[in-house]
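Enquirer: Here you go, one structure.
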Amino acid sequence: MPQSHTSDRVADIVARTLYAHMVRHAFGVPGGEIVALIDALEAVGIPFHLARHETSAAIMAAGASTISRNPELLVTTVGPGLANAVNGIADAAQEHIPLIVISGIVDRATRSRYTHQVIDHAQLLRPLVKASFEIEPESAASTVARALAIATTEPMGPVHLDLSPSVAASTTPERSVPGPATRFTVSASVTEPAIALLTERIRSAERPLILAGLQAVRSNSGAAVLQLAETIGAPVVTTYKAKGLVPEIHPLCLGGAGLSPMADRILLPLIQKADLVLTIGYDPIEMRLGWLDFVSDQSKLIDICNTVPDHAMHHAGTWILGDPRGVLQALNSRIAERKTWHGGEPLHAKAELERIFSREDLWGPHAIVDHLNRAAGANDLVTVDSGAHRILLSQKWIAAQPLTLLQSAGFCTMNAALPLAIGAFIADRSRRVFAVMGDGGLEMGIGELATVRDLRLPLTIVLFQDRSLALIALKQASAGLASTGVTLGETDFSTVARGFGGYGANVETIHEFRDELERARTRPGFSLIACRFDKSAYDDAF
């Protein structure tokens, strides 16, 4: 760890504790109440990355945390700074990101008298954070360590800390910094009753199916899931966040599910036909209303997860609480290979999914996704914003590895792709990163192009420019309503990109798109490729 600050301010010991617990990046917009903290963070080796908006900063931290697998830090100033961040903190809560939020607060001596920019931070964030504490000089390190422990304990989520300027600048009697405890996950034993029950249920199943989620990714369960699926012939469906848990070219992998009615019409009947459904690390927060009670007989549903489910989307007949990978490894040691699904239904479903999302369009969203998928390497990272393009991309995208397609899948907030891409690249600069956005999403947070410029990030931004909030327009049409409040004007994004110090191009053919993607590969700064097409290209797309 870098050397401590000789003055031992509270801000210094806060920063040292964060560093000891593997926090490596801070994001935010500075204010006078947090200047001492920013100074202390830089001194211990936690760089502060300036964003243009606090919600974007929170999502940047989420992107960095997703790739680093460590907690990361959002720093905001008092009042309006923290209030600006609420959307990003809510996104972290629903995405189960261990985000540490430190906000400046007015000094205690004047807080009861002073009203300028004063709001109750803890009350504001109460529905969104796992805990909220105020840092005091006598217990600064211990409080920060407690916050980190809470944030990183499943189900993970954001924790909030208030820090006043006078406390940050004061000295502290604490000298030692508590480091993180070594955590061991005890694997399930093959002799445990739960493993025996699972073994028996699988042996008697003729049509088993696996539904896996983000928790399976975080527990590194991919190899164990694939081994079980191949042994018992079970098709694997994942949530969008878990895409790539099993390589999606595998014949048993049916891809991600959650938001596409066209996919639901294939997947939900298959799940109903299954006589055993194993949900592994599965959180239905990503799923649409059609997935409420997606099995009619709860006795055939077994839920394997390391926390008690906090939802009523479905009701499992059996819960097995434990690390998904450990449970599956114990199970795999007892299961013999067997033939199931004698009618070949999973293969038929995979072929039908490929058919309905395949188009031979010369240009438009389908062609753009197909070519981007071919151009991106298996290890490249793609972030995608909310909107019609996200649903189509998430269904068509073929992921070879988990956590290579990042999105706000639980909260589905707009303007997530660019800050996710910024945070992800900062956490791992060895990988090419693409941010896939709609024109509405980019215009909502266009100031972050300045962040990309100032941080000198060679991101490639692929913009689906249909001059519409297309997903909302489709919902209006399906309800028989007039299209209102969804039309966007014509922005020249190539000029905008150049104005922000990057490279911009408007393209309207697949050949132009291919050439621009290739040129962007070696460009030192960011590239914005605006792909122009009519919103009607989304008709019957998903």
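Letters for chains follow the order of the structure tokens (A, B, ...), residue numbers begin at 1 for each chain, and ligand numbers begin at 1 in the order shown.
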Using only C-alpha atoms, which residues sit within 10 Å of A:Leu292 once same-chain residues fewer than 6 positions away are excluded, as a list in words?
Expert: Pro284, Ala312, Met313, His314 and His315 of chain A
Enquirer: Find the spatial neighbours of A:Ala92, counting only C-alpha atoms, within a cut-off of 9 Å - ignore same-chain residues fewer than 4 positions away - and output them as a VMD selection string.
Expert: chain A and resid 58 to 59 62 87 to 88 96 to 99 128 to 129 157 to 158 408 411
Enquirer: Within stretch 241-314 of chain A, find each residue whose DSSP state, derived from the backbone, is strand (DSSP E or B), and express the selection as an MDAnalysis selection string.
Expert: chainID A and resid 253:257 276:280 301:305
Enquirer: Write out as a list in words which residues come within 9 Å of A:Ile266 when counting only C-alpha atoms, dropping same-chain ones fewer than 4 positions away.
Expert: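 The filter keeps Pro261, Met262, Leu270, Ala349, Lys350, Glu352 and Leu353 of chain A.
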Enquirer: Export, as a PDB file, in the first residue's frame, the selected residues with C-alpha atoms.
Expert:
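Dumped to again34.pdb:
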```pdb
ATOM      1  CA  PRO A 261     -41.978 -11.090 -26.517  1.00  0.00           C
ATOM      2  CA  MET A 262     -40.859 -13.008 -29.628  1.00  0.00           C
ATOM      3  CA  LEU A 270     -40.325 -24.913 -23.404  1.00  0.00           C
ATOM      4  CA  ALA A 349     -36.105 -23.941 -29.884  1.00  0.00           C
ATOM      5  CA  LYS A 350     -32.529 -22.809 -30.578  1.00  0.00           C
ATOM      6  CA  GLU A 352     -36.327 -21.116 -34.092  1.00  0.00           C
ATOM      7  CA  LEU A 353     -34.691 -18.368 -31.998  1.00  0.00           C
TER       8      LEU A 353
END
```
Enquirer: Fewer than 6 positions away in the same chain doesn't count, so skip those; otherwise give me all residues within 10 Å of A:Pro80, counting only C-alpha atoms, as a list in words.
Expert: Glu54, Gln117, Val118 and Ile119 of chain A
Enquirer: I need the chosen residues saved as a PDB file, in the first residue's frame, with N, CA and C atoms.
Expert:
```pdb
ATOM      1  N   GLU A  54     -23.208  13.371 -11.743  1.00  0.00           N
ATOM      2  CA  GLU A  54     -23.009  12.391 -10.677  1.00  0.00           C
ATOM      3  C   GLU A  54     -23.647  11.032 -10.973  1.00  0.00           C
ATOM      4  N   GLN A 117     -28.419  24.199   0.879  1.00  0.00           N
ATOM      5  CA  GLN A 117     -28.026  22.909   0.311  1.00  0.00           C
ATOM      6  C   GLN A 117     -28.127  21.759   1.315  1.00  0.00           C
ATOM      7  N   VAL A 118     -28.809  21.944   2.412  1.00  0.00           N
ATOM      8  CA  VAL A 118     -28.878  20.905   3.444  1.00  0.00           C
ATOM      9  C   VAL A 118     -30.123  20.054   3.239  1.00  0.00           C
ATOM     10  N   ILE A 119     -29.930  18.767   3.047  1.00  0.00           N
ATOM     11  CA  ILE A 119     -31.008  17.782   3.052  1.00  0.00           C
ATOM     12  C   ILE A 119     -30.524  16.584   3.857  1.00  0.00           C
TER      13      ILE A 119
END
```
Enquirer: Identify, on the basis of only C-alpha atoms, every residue whose closest approach to stretch 31-34 of chain A does not exceed 12 Å; exclude the query and any residue fewer than 4 positions from it along the same chain; express the result as a VMD selection string.
Expert: chain A and resid 10 to 11 38 to 41 48 50 54 74 to 82 102 to 107 117 162 to 169
Enquirer: Take the residues that were just selected and, keeping C-alpha atoms, output them as an mmCIF file, in the first residue's frame.
Expert:
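Written file, result_38.cif:
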```cif
data_model
loop_
_atom_site.group_PDB
_atom_site.id
_atom_site.type_symbol
_atom_site.label_atom_id
_atom_site.label_comp_id
_atom_site.auth_asym_id
_atom_site.auth_seq_id
_atom_site.Cartn_x
_atom_site.Cartn_y
_atom_site.Cartn_z
ATOM 1 C CA VAL A 10 -9.439 11.567 8.917
ATOM 2 C CA ALA A 11 -9.522 11.914 5.135
ATOM 3 C CA ILE A 38 -9.991 13.857 -3.031
ATOM 4 C CA ASP A 39 -6.505 14.948 -1.980
ATOM 5 C CA ALA A 40 -6.190 11.957 0.336
ATOM 6 C CA LEU A 41 -7.431 9.526 -2.327
ATOM 7 C CA PHE A 48 -10.219 10.614 -8.869
ATOM 8 C CA LEU A 50 -13.893 13.715 -13.055
ATOM 9 C CA GLU A 54 -23.009 12.391 -10.677
ATOM 10 C CA LEU A 74 -18.505 7.463 -5.938
ATOM 11 C CA VAL A 75 -17.652 10.855 -4.418
ATOM 12 C CA THR A 76 -20.247 13.635 -4.358
ATOM 13 C CA THR A 77 -20.573 16.992 -2.734
ATOM 14 C CA VAL A 78 -23.339 18.046 -0.373
ATOM 15 C CA GLY A 79 -27.029 18.281 -1.298
ATOM 16 C CA PRO A 80 -27.454 18.711 -5.065
ATOM 17 C CA GLY A 81 -24.379 16.607 -5.780
ATOM 18 C CA LEU A 82 -25.758 13.583 -3.961
ATOM 19 C CA ILE A 102 -19.088 9.163 0.111
ATOM 20 C CA SER A 103 -20.859 12.502 0.192
ATOM 21 C CA GLY A 104 -19.760 15.764 1.708
ATOM 22 C CA ILE A 105 -22.031 17.128 4.412
ATOM 23 C CA VAL A 106 -22.324 20.434 6.239
ATOM 24 C CA ASP A 107 -20.364 20.514 9.499
ATOM 25 C CA GLN A 117 -28.026 22.909 0.311
ATOM 26 C CA ASP A 162 -21.308 11.147 5.030
ATOM 27 C CA LEU A 163 -18.088 13.089 5.700
ATOM 28 C CA SER A 164 -18.047 16.717 6.828
ATOM 29 C CA PRO A 165 -15.183 19.094 5.940
ATOM 30 C CA SER A 166 -14.119 19.674 9.556
ATOM 31 C CA VAL A 167 -14.023 15.940 10.282
ATOM 32 C CA ALA A 168 -12.133 15.200 7.041
ATOM 33 C CA ALA A 169 -9.459 17.758 7.950
#
```
Enquirer: Under the rule that only C-alpha atoms are counted, which of A:Ala375, A:Met156, A:Leu259, A:Ile422 is the nearest residue to A:Arg514?
Expert: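 Residue with the minimum atom-to-atom distance to A:Arg514: A:Ala375.
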Enquirer: Between atom CA of A:Ala424 and atom CA of A:Leu459, measure the distance and give it in Å to one decimal.
Expert: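 These two atoms are separated by 10.5 Å.
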Enquirer: For A:Asp91, which residue out of A:Val369, A:Ala61, A:Val382, A:Val237 is the nearest one, using only C-alpha atoms?
Expert: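 Once distances to A:Asp91 are computed over only C-alpha atoms, the minimum belongs to A:Ala61.
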Enquirer: Using only C-alpha atoms, can you tell me which of A:Ile302, A:Leu455, A:Ile510, A:Ala470 comes closest to A:Leu488?
Expert: A:Ala470
Enquirer: May I have the residues within 8 Å of A:Val217 as a list of chain:residue names, using only C-alpha atoms and disregarding those fewer than 2 positions away in the same chain?
Expert: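 Residues near the query, excluding close chain neighbours: A:Gly213, A:Leu214, A:Gln215, A:Ser219, A:Asn220, A:Ser221, A:Gly222, A:Ala242, A:Leu245, A:Gly281, A:Pro402, A:Leu403.
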Enquirer: Could you check which of A:Met60, A:Ala351, A:Ala20, A:Val186 is closest to A:Thr383, using only C-alpha atoms?
Expert: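 For A:Thr383, the nearest of the given residues is A:Met60.
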Enquirer: Considering only C-alpha atoms, tabulate each residue of stretch 188-213 of chain A that lies at most 8 Å from stretch 335-347 of chain A along with its nearest interatomic pair and the corresponding distance in Å to one decimal; arrange the rows by chain and ascending residue number and present them as JSON lines.
Expert:
```
{"residue": "A:Thr199", "atom": "CA", "partner": "A:Ile335", "partner_atom": "CA", "distance": 6.5}
{"residue": "A:Arg203", "atom": "CA", "partner": "A:Ile335", "partner_atom": "CA", "distance": 7.8}
{"residue": "A:Ala205", "atom": "CA", "partner": "A:Thr340", "partner_atom": "CA", "distance": 7.8}
{"residue": "A:Glu206", "atom": "CA", "partner": "A:Thr340", "partner_atom": "CA", "distance": 5.1}
{"residue": "A:Arg207", "atom": "CA", "partner": "A:Trp341", "partner_atom": "CA", "distance": 5.1}
{"residue": "A:Pro208", "atom": "CA", "partner": "A:Thr340", "partner_atom": "CA", "distance": 7.5}
```
Enquirer: Those same residues - N, CA and C atoms - I'd like them written as a PDB file, in the first residue's frame.
Expert:
```pdb
ATOM      1  N   THR A 199     -29.642 -34.970  -6.794  1.00  0.00           N
ATOM      2  CA  THR A 199     -29.242 -36.116  -7.608  1.00  0.00           C
ATOM      3  C   THR A 199     -30.444 -36.966  -7.974  1.00  0.00           C
ATOM      4  N   ARG A 203     -32.029 -37.529 -11.721  1.00  0.00           N
ATOM      5  CA  ARG A 203     -32.080 -38.890 -12.284  1.00  0.00           C
ATOM      6  C   ARG A 203     -33.470 -39.247 -12.781  1.00  0.00           C
ATOM      7  N   ALA A 205     -35.701 -36.974 -13.921  1.00  0.00           N
ATOM      8  CA  ALA A 205     -36.218 -35.967 -14.855  1.00  0.00           C
ATOM      9  C   ALA A 205     -35.991 -36.413 -16.297  1.00  0.00           C
ATOM     10  N   GLU A 206     -37.021 -36.231 -17.116  1.00  0.00           N
ATOM     11  CA  GLU A 206     -36.914 -36.529 -18.541  1.00  0.00           C
ATOM     12  C   GLU A 206     -36.689 -35.266 -19.368  1.00  0.00           C
ATOM     13  N   ARG A 207     -37.044 -34.124 -18.773  1.00  0.00           N
ATOM     14  CA  ARG A 207     -36.926 -32.853 -19.508  1.00  0.00           C
ATOM     15  C   ARG A 207     -36.388 -31.769 -18.570  1.00  0.00           C
ATOM     16  N   PRO A 208     -35.112 -31.880 -18.138  1.00  0.00           N
ATOM     17  CA  PRO A 208     -34.539 -30.861 -17.243  1.00  0.00           C
ATOM     18  C   PRO A 208     -34.144 -29.605 -18.005  1.00  0.00           C
TER      19      PRO A 208
END
```
Enquirer: Quick one, how far is atom CA of A:Asp293 from atom CA of A:Thr307?
Expert: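 According to the coordinates, atom CA of A:Asp293 and atom CA of A:Thr307 are separated by 19.9 Å.
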Enquirer: Grab the atom CA of A:Gly377 to atom CA of A:Ile446 distance for me, in Å with one decimal place.
Expert: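 These two atoms are separated by 27.0 Å.
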